[in-house]
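Report on the following structure.
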Amino acid sequence: MHLSWFSYAVLALVSWGVLGIFQKLTTNYISAESTMILLVVGFLLFQPFVYPDKPLSFYPTRAIVYGLLSGLFSNLGAWGLFEAMKSGGKASVVAPFCALYPLPVVLLAPVVLHESITLLQGIGVACALTAVVLLSQEAPAEAASHPAAPTEPFGGSV
């Protein structure tokens, strides 16, 4: 089945969105290292559905090295995410922050991949960074302890 790139991107968005919830639930009970093992097991269970029909020896060595490096960095990133959640990070903050992983790609793509970045894409990066900053803001301790206390607009009390 061949869908458009956008269909696959929506699949990734939805899957990774649900994934963040399961990652936090898992790290509430077990270590990041144990979560990594379960991640690998889940990955291996999925492989028969997507494995290519050609042996690895068919592919260029460079492609295999890039694939192995992708796996290495993917697992390193997953471990960092699990440790962040296990160390007390809120899923609602950690997941969006880690979801900024395209930022280095956007910054490196012109140099490494010789791709051009448009002004609109740059504005998108700025919006993403702003969103993470806003999501990471904690309620002030006093307001959090008295959530029903009425306040005047702009922070004044009644």
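Letters A, B, ... go to the chains of the structure tokens in the order shown; residues in each chain start at 1; ligands are counted from 1 in the same order.
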DSSP-assigned helix (DSSP H, G or I) among chain A, expressed as number ranges by chain: A: 5-27, 32-50, 56-58, 61-86, 91-98, 102-113, 119-135, 141-145, 153-155
If we count only C-alpha atoms, what is near A:Val94 at a cut-off of 10 Å, once residues fewer than 6 positions away on the same chain are taken out, given as number ranges by chain? A: 20, 24, 81-82, 84-85, 88, 132, 135-136
Those same residues - C-alpha atoms - I'd like them written as a PDB file, in the first residue's frame.
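Saved to result-v3.pdb:
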ATOM      1  CA  GLY A  20       4.003   9.819  24.793  1.00  0.00           C
ATOM      2  CA  LYS A  24       4.994   8.221  30.806  1.00  0.00           C
ATOM      3  CA  LEU A  81      13.085  10.819  26.920  1.00  0.00           C
ATOM      4  CA  PHE A  82      12.411   7.923  29.308  1.00  0.00           C
ATOM      5  CA  ALA A  84      13.417  12.704  31.660  1.00  0.00           C
ATOM      6  CA  MET A  85       9.980  11.262  32.422  1.00  0.00           C
ATOM      7  CA  GLY A  88       9.898  13.643  37.350  1.00  0.00           C
ATOM      8  CA  VAL A 132       7.342  24.594  24.272  1.00  0.00           C
ATOM      9  CA  LEU A 135       3.769  24.558  27.771  1.00  0.00           C
ATOM     10  CA  SER A 136       6.615  24.340  30.256  1.00  0.00           C
TER      11      SER A 136
END
Work out how far atom CA of A:Glu83 is from atom CA of A:Leu19, in Å to one decimal. 15.2 Å
Separation of atom CA of A:Leu100 and atom CA of A:Gly80, in Å? 13.6 Å
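Straight-line separation from atom CA of A:Cys127 to atom CA of A:Leu103: 11.5 Å.
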